[in-house]
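Colleague: My structure is stored as input-v4.txt, with compact mmCIF, C-alpha atoms.
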```txt
# COMPACT_ATOMS: atom_id res chain seq x y z
CA MET A 1 -15.55 10.88 25.59
CA GLU A 2 -15.85 7.23 26.49
CA PHE A 3 -14.36 4.64 24.21
CA ASP A 4 -13.93 0.87 24.06
CA ARG A 5 -10.52 0.68 22.50
CA GLU A 6 -7.63 2.98 21.70
CA LEU A 7 -5.44 2.82 18.62
CA ASP A 8 -2.02 4.45 18.74
CA ALA A 9 -1.21 5.44 15.17
CA ARG A 10 1.46 7.98 16.12
CA GLY A 11 4.42 8.10 13.74
CA LEU A 12 2.63 6.07 11.08
CA ASN A 13 2.22 7.44 7.58
CA CYS A 14 -0.37 6.86 4.85
CA PRO A 15 -1.99 4.37 4.45
CA LEU A 16 -1.04 2.66 7.73
CA PRO A 17 -3.33 4.68 10.06
CA ILE A 18 -6.35 3.72 7.93
CA LEU A 19 -5.28 0.07 7.67
CA ARG A 20 -4.67 -0.22 11.43
CA CYS A 21 -8.00 1.49 12.07
CA LYS A 22 -9.78 -0.99 9.84
CA LYS A 23 -8.15 -3.86 11.76
CA ALA A 24 -9.02 -2.37 15.14
CA LEU A 25 -12.65 -1.83 14.11
CA ALA A 26 -12.87 -5.48 13.07
CA GLU A 27 -12.20 -6.46 16.67
CA LEU A 28 -14.98 -4.26 18.04
CA ASN A 29 -18.71 -4.94 18.19
CA PRO A 30 -21.11 -2.74 16.21
CA GLY A 31 -21.81 0.49 18.09
CA GLN A 32 -18.58 0.40 20.08
CA VAL A 33 -16.25 3.39 19.96
CA LEU A 34 -12.62 3.46 18.82
CA LYS A 35 -10.29 6.25 19.83
CA ILE A 36 -7.46 6.92 17.39
CA VAL A 37 -4.41 9.07 18.00
CA ALA A 38 -2.41 9.94 14.87
CA THR A 39 0.34 12.33 13.85
CA ASP A 40 -0.06 12.04 10.07
CA PRO A 41 -1.48 15.37 8.83
CA GLY A 42 -3.01 13.50 5.89
CA SER A 43 -5.20 11.60 8.34
CA VAL A 44 -7.28 14.76 8.87
CA LYS A 45 -8.87 14.25 5.48
CA ASP A 46 -8.43 10.49 5.29
CA PHE A 47 -10.42 9.46 8.37
CA PRO A 48 -13.54 11.45 7.39
CA ALA A 49 -13.21 9.98 3.87
CA PHE A 50 -12.84 6.48 5.34
CA CYS A 51 -15.95 6.96 7.48
CA LYS A 52 -17.99 8.37 4.62
CA GLN A 53 -17.21 5.37 2.46
CA THR A 54 -17.53 2.63 5.06
CA GLY A 55 -20.50 3.86 7.07
CA ASN A 56 -18.62 4.09 10.35
CA GLU A 57 -19.43 7.26 12.25
CA LEU A 58 -16.81 9.90 13.06
CA LEU A 59 -18.02 11.21 16.42
CA SER A 60 -15.33 13.81 17.01
CA PHE A 61 -12.01 15.14 15.87
CA SER A 62 -9.56 17.35 17.74
CA GLU A 63 -5.99 18.48 17.37
CA ALA A 64 -3.49 19.32 20.08
CA ASP A 65 0.33 19.54 19.97
CA GLY A 66 0.55 18.01 16.51
CA GLU A 67 -1.56 15.02 17.49
CA TYR A 68 -4.90 14.29 15.92
CA VAL A 69 -7.50 12.51 18.01
CA TYR A 70 -10.50 10.81 16.47
CA PHE A 71 -13.45 9.01 18.02
CA MET A 72 -15.17 6.61 15.68
CA ARG A 73 -18.27 4.51 16.22
CA LYS A 74 -18.35 1.17 14.45
CA ARG A 75 -21.26 0.82 12.05
CA ALA A 76 -24.21 -1.35 13.01
CA MET B 1 -22.36 -5.38 -3.69
CA SER B 2 -18.88 -4.08 -3.05
CA LYS B 3 -17.02 -1.90 -5.51
CA LYS B 4 -14.18 -3.37 -7.51
CA LEU B 5 -10.67 -2.07 -8.15
CA ALA B 6 -8.46 -3.61 -10.81
CA ILE B 7 -4.78 -2.69 -11.03
CA ILE B 8 -2.03 -3.65 -13.45
CA ALA B 9 1.38 -3.32 -11.78
CA SER B 10 4.09 -3.20 -14.43
CA LYS B 11 7.03 -1.56 -12.70
CA GLY B 12 9.64 -3.14 -10.45
CA THR B 13 11.54 -0.37 -8.73
CA LEU B 14 11.32 0.47 -5.04
CA ASP B 15 9.53 3.77 -5.64
CA TRP B 16 7.02 2.39 -8.15
CA ALA B 17 6.31 -0.57 -5.89
CA TYR B 18 4.34 1.70 -3.57
CA PRO B 19 1.34 2.93 -5.60
CA PRO B 20 -0.17 -0.50 -6.36
CA PHE B 21 0.18 -1.80 -2.79
CA ILE B 22 -0.95 1.45 -1.13
CA LEU B 23 -4.00 1.73 -3.34
CA ALA B 24 -4.86 -1.96 -3.14
CA SER B 25 -4.59 -2.16 0.66
CA THR B 26 -6.52 1.06 1.18
CA ALA B 27 -9.26 0.06 -1.23
CA ALA B 28 -9.57 -3.24 0.63
CA ALA B 29 -9.95 -1.28 3.88
CA LEU B 30 -12.74 0.64 2.16
CA ASP B 31 -14.44 -2.69 1.43
CA TYR B 32 -13.51 -2.83 -2.25
CA GLU B 33 -12.87 -6.16 -3.88
CA VAL B 34 -9.36 -5.81 -5.31
CA GLN B 35 -7.25 -7.67 -7.85
CA VAL B 36 -3.74 -6.70 -8.88
CA PHE B 37 -2.24 -8.19 -12.02
CA PHE B 38 1.58 -8.15 -12.00
CA THR B 39 3.25 -8.13 -15.37
CA PHE B 40 6.77 -7.64 -16.72
CA TYR B 41 8.98 -5.87 -14.16
CA GLY B 42 6.03 -5.71 -11.77
CA LEU B 43 6.54 -9.43 -11.14
CA THR B 44 9.53 -8.53 -8.96
CA LEU B 45 6.99 -7.32 -6.41
CA LEU B 46 5.73 -10.85 -5.89
CA LYS B 47 9.12 -12.42 -5.24
CA LYS B 48 9.77 -13.93 -1.82
CA ASP B 49 12.90 -11.83 -1.64
CA LEU B 50 12.15 -8.14 -2.06
CA GLY B 51 15.80 -7.25 -1.48
CA GLY B 52 16.21 -6.64 -5.20
CA LEU B 53 13.93 -3.59 -5.16
CA ARG B 54 16.04 -0.57 -5.91
CA VAL B 55 15.73 3.02 -6.92
CA SER B 56 18.00 4.94 -9.26
CA PRO B 57 18.47 8.67 -9.65
CA LEU B 58 19.53 7.99 -13.26
CA GLY B 59 16.91 9.11 -15.73
CA ASN B 60 14.82 10.40 -12.87
CA PRO B 61 15.43 14.15 -12.69
CA ALA B 62 12.52 14.70 -10.27
CA MET B 63 14.11 12.58 -7.56
CA PRO B 64 14.97 14.84 -4.62
CA MET B 65 18.70 14.70 -3.88
CA PRO B 66 20.55 16.17 -0.90
CA VAL B 67 23.07 17.72 -3.29
CA PRO B 68 22.73 18.38 -7.03
CA MET B 69 24.17 15.42 -8.89
CA PRO B 70 25.18 15.53 -12.54
CA ASN B 71 24.13 12.54 -14.65
CA LEU B 72 27.74 11.54 -15.17
CA VAL B 73 28.26 11.24 -11.41
CA GLN B 74 25.11 9.11 -11.13
CA LEU B 75 26.77 6.61 -13.43
CA ALA B 76 29.50 5.93 -10.88
CA PRO B 77 29.54 2.44 -9.34
CA GLY B 78 27.59 2.26 -6.10
CA MET B 79 25.35 5.25 -6.79
CA GLU B 80 22.25 3.12 -7.19
CA SER B 81 22.98 1.27 -3.95
CA MET B 82 23.49 4.57 -2.19
CA ALA B 83 20.24 6.04 -3.52
CA THR B 84 18.40 2.86 -2.53
CA ALA B 85 19.86 2.87 0.98
CA MET B 86 18.98 6.54 1.41
CA MET B 87 15.43 5.98 0.22
CA LYS B 88 14.97 3.00 2.57
CA GLN B 89 16.25 5.03 5.50
CA LYS B 90 13.86 7.86 4.66
CA ILE B 91 10.95 5.43 4.39
CA LYS B 92 11.79 4.12 7.85
CA ASP B 93 12.27 7.56 9.39
CA LYS B 94 8.96 8.84 8.09
CA GLY B 95 6.87 5.94 9.33
CA VAL B 96 6.11 4.75 5.80
CA ALA B 97 5.41 1.03 5.57
CA SER B 98 7.85 -1.29 3.85
CA ILE B 99 6.74 -3.00 0.64
CA GLY B 100 6.78 -6.37 2.38
CA GLU B 101 4.50 -5.02 5.10
CA LEU B 102 2.03 -3.51 2.61
CA ARG B 103 2.03 -6.71 0.59
CA ASP B 104 1.25 -8.76 3.70
CA LEU B 105 -1.57 -6.37 4.57
CA CYS B 106 -2.98 -6.78 1.06
CA LEU B 107 -2.94 -10.56 1.35
CA GLU B 108 -4.49 -10.40 4.81
CA ALA B 109 -7.25 -8.16 3.49
CA GLY B 110 -8.07 -10.63 0.73
CA VAL B 111 -6.57 -8.71 -2.18
CA LYS B 112 -6.04 -11.14 -5.03
CA LEU B 113 -2.51 -10.95 -6.46
CA ILE B 114 -2.07 -12.44 -9.92
CA ALA B 115 1.26 -13.10 -11.61
CA CYS B 116 1.39 -12.87 -15.40
CA GLN B 117 2.20 -16.40 -16.54
CA MET B 118 3.64 -15.19 -19.83
CA THR B 119 6.19 -12.99 -18.06
CA VAL B 120 7.10 -15.82 -15.69
CA ASP B 121 7.95 -17.93 -18.76
CA LEU B 122 9.62 -15.06 -20.61
CA PHE B 123 12.06 -14.32 -17.80
CA ASP B 124 12.49 -17.98 -16.79
CA PHE B 125 11.22 -17.30 -13.30
CA LYS B 126 10.38 -20.28 -11.13
CA GLN B 127 7.06 -20.56 -9.35
CA GLU B 128 8.95 -21.23 -6.12
CA ASP B 129 10.58 -17.77 -6.38
CA PHE B 130 7.20 -16.26 -5.58
CA ILE B 131 5.30 -15.91 -2.32
CA VAL B 132 2.50 -18.33 -1.60
CA GLY B 133 -1.09 -17.24 -1.90
CA ILE B 134 -0.84 -15.73 -5.36
CA GLU B 135 -2.38 -16.94 -8.60
CA PHE B 136 -0.96 -17.28 -12.07
CA GLY B 137 -2.94 -16.17 -15.10
CA GLY B 138 -3.06 -14.29 -18.35
CA ALA B 139 -4.70 -11.26 -19.89
CA ALA B 140 -8.09 -12.93 -20.07
CA THR B 141 -7.90 -13.59 -16.32
CA PHE B 142 -7.39 -9.87 -15.75
CA PHE B 143 -10.33 -8.88 -17.94
CA GLU B 144 -12.64 -11.35 -16.27
CA PHE B 145 -12.40 -9.14 -13.19
CA ALA B 146 -11.57 -5.76 -14.75
CA GLY B 147 -14.46 -6.03 -17.19
CA ASP B 148 -16.87 -4.99 -14.49
CA ALA B 149 -14.51 -3.14 -12.16
CA ASP B 150 -15.44 0.36 -11.00
CA ILE B 151 -11.84 1.55 -11.22
CA SER B 152 -9.03 0.20 -13.38
CA LEU B 153 -5.48 1.50 -13.09
CA PHE B 154 -2.33 0.82 -15.03
CA ILE B 155 0.77 1.48 -12.95
```
Could you express the structure from this file as structure tokens?
Modeller:
Amino acid sequence: MEFDRELDARGLNCPLPILRCKKALAELNPGQVLKIVATDPGSVKDFPAFCKQTGNELLSFSEADGEYVYFMRKRA
Amino acid sequence: MSKKLAIIASKGTLDWAYPPFILASTAAALDYEVQVFFTFYGLTLLKKDLGGLRVSPLGNPAMPMPVPMPNLVQLAPGMESMATAMMKQKIKDKGVASIGELRDLCLEAGVKLIACQMTVDLFDFKQEDFIVGIEFGGAATFFEFAGDADISLFI
């Protein structure tokens, strides 16, 4: 999937992945896509919850080798 | 209109420093308007120097310890320093933010931090002991915001 910016949140624990994500989104234009790579297992529930509450769109989620990869589209 | 979160932070140990700052920074990331009112021992969390934040196994039977430790042993000199050093190391190893980092993130995100003026007077704290960017106020100041907050927490 194409993306405009990547956020490396590996090794960070709650709530840092969400806070860094919020910061990264602030630097994107509406509609642009942020890729996030995290290792915090809590992020699996937290990113969907973040999106649901902020109106940003979670385009995809996948897991491989203990890493969680998210693609998020910034809200219009 | 954004939701509002009001928190009273009343505790000043390293472990109890986390909940108010984690919740406040996360709520801000979720577009909440957030105010945290620091009172009594919670005021320690607004000091420039956070080096005084400590954790003690004494009176805290739920604290995970590498080896079982009788209360009498916990009374020994240096035990609190050891527990604090161990906790700080763990925090670092696990990628958990430091309190200073979370506090900075709160300020950056526009969380309003309010120091209880009465406690400042009570403990003879000086305004210059505290970080810049905070406000000083009393109970009525808290209620002005909390009165129509969606969530209010006492920590």
Colleague: Quote the spacing between atom CA of Tyr41 of chain B and atom CA of Phe125 of chain B in Å to one decimal place.
Modeller: 11.7 Å
Colleague: Using all atoms listed in the file, which residues of chain A come within 9 Å of chain B, and what is the closest atom pair for each, with the distance in Å to one decimal? Give it as a Markdown table, sorted by chain and residue number.
Modeller:
```
| residue | atom | partner | partner_atom | distance |
| --- | --- | --- | --- | --- |
| A:Arg10 | CA | B:Gly95 | CA | 8.9 |
| A:Gly11 | CA | B:Gly95 | CA | 5.5 |
| A:Leu12 | CA | B:Gly95 | CA | 4.6 |
| A:Asn13 | CA | B:Val96 | CA | 5.1 |
| A:Cys14 | CA | B:Val96 | CA | 6.9 |
| A:Pro15 | CA | B:Ile22 | CA | 6.4 |
| A:Leu16 | CA | B:Ala97 | CA | 7.0 |
| A:Ile18 | CA | B:Thr26 | CA | 7.3 |
| A:Leu19 | CA | B:Ala29 | CA | 6.2 |
| A:Cys21 | CA | B:Ala29 | CA | 8.9 |
| A:Lys22 | CA | B:Ala29 | CA | 6.0 |
| A:Lys23 | CA | B:Ala29 | CA | 8.5 |
| A:Phe50 | CA | B:Leu30 | CA | 6.7 |
| A:Cys51 | CA | B:Leu30 | CA | 8.9 |
| A:Gln53 | CA | B:Leu30 | CA | 6.5 |
| A:Thr54 | CA | B:Leu30 | CA | 5.9 |
```
Colleague: Can you spit out the residues from that selection as a short mmCIF file (atom, residue, chain, number, x, y, z; two decimals), in the coordinates of the input, using C-alpha atoms?
Modeller:
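Contents of again-v9.cif, as written:
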```cif
data_model
loop_
_atom_site.label_atom_id
_atom_site.label_comp_id
_atom_site.auth_asym_id
_atom_site.auth_seq_id
_atom_site.Cartn_x
_atom_site.Cartn_y
_atom_site.Cartn_z
CA ARG A 10 1.46 7.98 16.12
CA GLY A 11 4.42 8.10 13.74
CA LEU A 12 2.63 6.07 11.08
CA ASN A 13 2.22 7.44 7.58
CA CYS A 14 -0.37 6.86 4.85
CA PRO A 15 -1.99 4.37 4.45
CA LEU A 16 -1.04 2.66 7.73
CA ILE A 18 -6.35 3.72 7.93
CA LEU A 19 -5.28 0.07 7.67
CA CYS A 21 -8.00 1.49 12.07
CA LYS A 22 -9.78 -0.99 9.84
CA LYS A 23 -8.15 -3.86 11.76
CA PHE A 50 -12.84 6.48 5.34
CA CYS A 51 -15.95 6.96 7.48
CA GLN A 53 -17.21 5.37 2.46
CA THR A 54 -17.53 2.63 5.06
#
```
Colleague: Taking into account only C-alpha atoms, which residue in the set B:Arg103, B:Lys112, B:Lys90, B:Lys126 is nearest to Leu45 of chain B?
Modeller: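 Comparing B:Arg103, B:Lys112, B:Lys90, B:Lys126 against Leu45 of chain B, the winner is B:Arg103.
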Colleague: Skipping near chain neighbours, those fewer than 5 positions away, what residues fall within 7 Å of Phe61 of chain A using only C-alpha atoms, listed as a PyMOL selection string?
Modeller: chain A and resi 69-71
Colleague: I'd like the contact shell of segment 33-40 of chain A - 9 Å cut-off, only C-alpha atoms, skipping same-chain residues fewer than 4 positions apart - returned as number ranges by chain.
Modeller: A: 2-14, 17, 21, 24-25, 28-29, 44, 59, 66-74
Colleague: What is the distance between atom CA of Ala17 of chain B and atom CA of Gln35 of chain B, in Å to one decimal?
Modeller: 15.4 Å
Colleague: Just how far from atom CA of Ser10 of chain B is atom CA of Leu53 of chain B, in Å to one decimal?
Modeller: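 That distance, rounded to one decimal, is 13.5 Å.
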Colleague: Which residues are close to segment 77-84 of chain B, i.e. within 8 Å by all atoms listed in the file, leaving aside same-chain residues fewer than 4 positions away? Reply as a ChimeraX atom specification.
Modeller: /B:14,54-57,88
Colleague: Can you pull out every residue within 9 Å of Ile131 of chain B, counting all atoms listed in the file, but drop anything in the same chain fewer than 3 positions away, and send it as number ranges by chain?
Modeller: B: 46-49, 127-128, 134
Colleague: Kindly extract all protein, DNA and RNA residues lying within 8 Å of the coordinates (-17.7, -0.3, -6.5) given in the file, considering all atoms listed in the file, and supply them as a short mmCIF file (atom, residue, chain, number, x, y, z; two decimals) with C-alpha atoms, keeping the file's coordinate frame.
Modeller:
```cif
data_model
loop_
_atom_site.label_atom_id
_atom_site.label_comp_id
_atom_site.auth_asym_id
_atom_site.auth_seq_id
_atom_site.Cartn_x
_atom_site.Cartn_y
_atom_site.Cartn_z
CA MET B 1 -22.36 -5.38 -3.69
CA SER B 2 -18.88 -4.08 -3.05
CA LYS B 3 -17.02 -1.90 -5.51
CA LYS B 4 -14.18 -3.37 -7.51
CA LEU B 5 -10.67 -2.07 -8.15
CA TYR B 32 -13.51 -2.83 -2.25
CA ALA B 149 -14.51 -3.14 -12.16
CA ASP B 150 -15.44 0.36 -11.00
CA ILE B 151 -11.84 1.55 -11.22
#
```
Colleague: Given the choices A:Ser43, A:Arg20, A:Gln32, A:Ala76, which gets closest to Ser62 of chain A if the distance is worked out from all atoms listed in the file?
Modeller: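 Closest to Ser62 of chain A, using all atoms listed in the file: A:Ser43.
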Colleague: Regenerate segment 110-121 of chain B at the level of all heavy atoms and dump it as a compact mmCIF listing (two decimals), in the coordinates of the input.
Modeller:
```txt
# COMPACT_ATOMS: atom_id res chain seq x y z
N GLY B 110 -7.39 -9.89 1.79
CA GLY B 110 -8.07 -10.63 0.73
C GLY B 110 -7.87 -10.07 -0.67
O GLY B 110 -8.61 -10.42 -1.59
N VAL B 111 -6.88 -9.19 -0.84
CA VAL B 111 -6.57 -8.71 -2.18
C VAL B 111 -6.01 -9.87 -3.00
O VAL B 111 -5.14 -10.60 -2.52
CB VAL B 111 -5.53 -7.56 -2.13
CG1 VAL B 111 -5.07 -7.18 -3.54
CG2 VAL B 111 -6.11 -6.35 -1.41
N LYS B 112 -6.52 -10.04 -4.19
CA LYS B 112 -6.04 -11.14 -5.03
C LYS B 112 -4.86 -10.65 -5.86
O LYS B 112 -4.97 -9.67 -6.59
CB LYS B 112 -7.16 -11.65 -5.93
CG LYS B 112 -6.88 -13.03 -6.47
CD LYS B 112 -7.98 -13.52 -7.37
CE LYS B 112 -9.00 -14.39 -6.63
NZ LYS B 112 -9.98 -14.97 -7.57
N LEU B 113 -3.71 -11.32 -5.72
CA LEU B 113 -2.51 -10.95 -6.46
C LEU B 113 -2.28 -11.99 -7.55
O LEU B 113 -2.20 -13.20 -7.27
CB LEU B 113 -1.30 -10.89 -5.52
CG LEU B 113 -1.47 -10.01 -4.26
CD1 LEU B 113 -0.21 -10.07 -3.39
CD2 LEU B 113 -1.77 -8.56 -4.63
N ILE B 114 -2.20 -11.52 -8.79
CA ILE B 114 -2.07 -12.44 -9.92
C ILE B 114 -0.77 -12.18 -10.67
O ILE B 114 -0.49 -11.04 -11.05
CB ILE B 114 -3.26 -12.28 -10.88
CG1 ILE B 114 -4.58 -12.53 -10.13
CG2 ILE B 114 -3.14 -13.24 -12.06
CD1 ILE B 114 -5.79 -11.99 -10.83
N ALA B 115 0.00 -13.22 -10.86
CA ALA B 115 1.26 -13.10 -11.61
C ALA B 115 1.00 -13.46 -13.08
O ALA B 115 0.32 -14.44 -13.37
CB ALA B 115 2.31 -14.05 -11.03
N CYS B 116 1.53 -12.64 -13.96
CA CYS B 116 1.39 -12.87 -15.40
C CYS B 116 2.21 -14.09 -15.80
O CYS B 116 3.44 -14.07 -15.74
CB CYS B 116 1.85 -11.63 -16.16
SG CYS B 116 1.99 -11.87 -17.93
N GLN B 117 1.52 -15.15 -16.21
CA GLN B 117 2.20 -16.40 -16.54
C GLN B 117 3.18 -16.23 -17.70
O GLN B 117 4.27 -16.79 -17.70
CB GLN B 117 1.16 -17.47 -16.88
CG GLN B 117 1.74 -18.83 -17.19
CD GLN B 117 2.42 -19.44 -15.98
OE1 GLN B 117 1.81 -19.61 -14.92
NE2 GLN B 117 3.70 -19.76 -16.10
N MET B 118 2.78 -15.41 -18.67
CA MET B 118 3.64 -15.19 -19.83
C MET B 118 4.98 -14.59 -19.42
O MET B 118 6.04 -15.01 -19.89
CB MET B 118 2.92 -14.27 -20.83
CG MET B 118 3.71 -14.00 -22.11
SD MET B 118 4.85 -12.63 -21.95
CE MET B 118 3.76 -11.25 -22.17
N THR B 119 4.94 -13.61 -18.51
CA THR B 119 6.19 -12.99 -18.06
C THR B 119 7.04 -13.96 -17.26
O THR B 119 8.27 -13.95 -17.35
CB THR B 119 5.90 -11.73 -17.21
OG1 THR B 119 4.88 -10.96 -17.82
CG2 THR B 119 7.14 -10.89 -17.06
N VAL B 120 6.37 -14.81 -16.46
CA VAL B 120 7.10 -15.82 -15.69
C VAL B 120 7.91 -16.70 -16.64
O VAL B 120 9.10 -16.97 -16.42
CB VAL B 120 6.12 -16.68 -14.85
CG1 VAL B 120 6.85 -17.85 -14.20
CG2 VAL B 120 5.43 -15.83 -13.78
N ASP B 121 7.27 -17.10 -17.76
CA ASP B 121 7.95 -17.93 -18.76
C ASP B 121 9.04 -17.15 -19.47
O ASP B 121 10.16 -17.64 -19.67
CB ASP B 121 6.94 -18.45 -19.79
CG ASP B 121 5.92 -19.38 -19.17
OD1 ASP B 121 6.20 -19.89 -18.07
OD2 ASP B 121 4.85 -19.57 -19.76
```
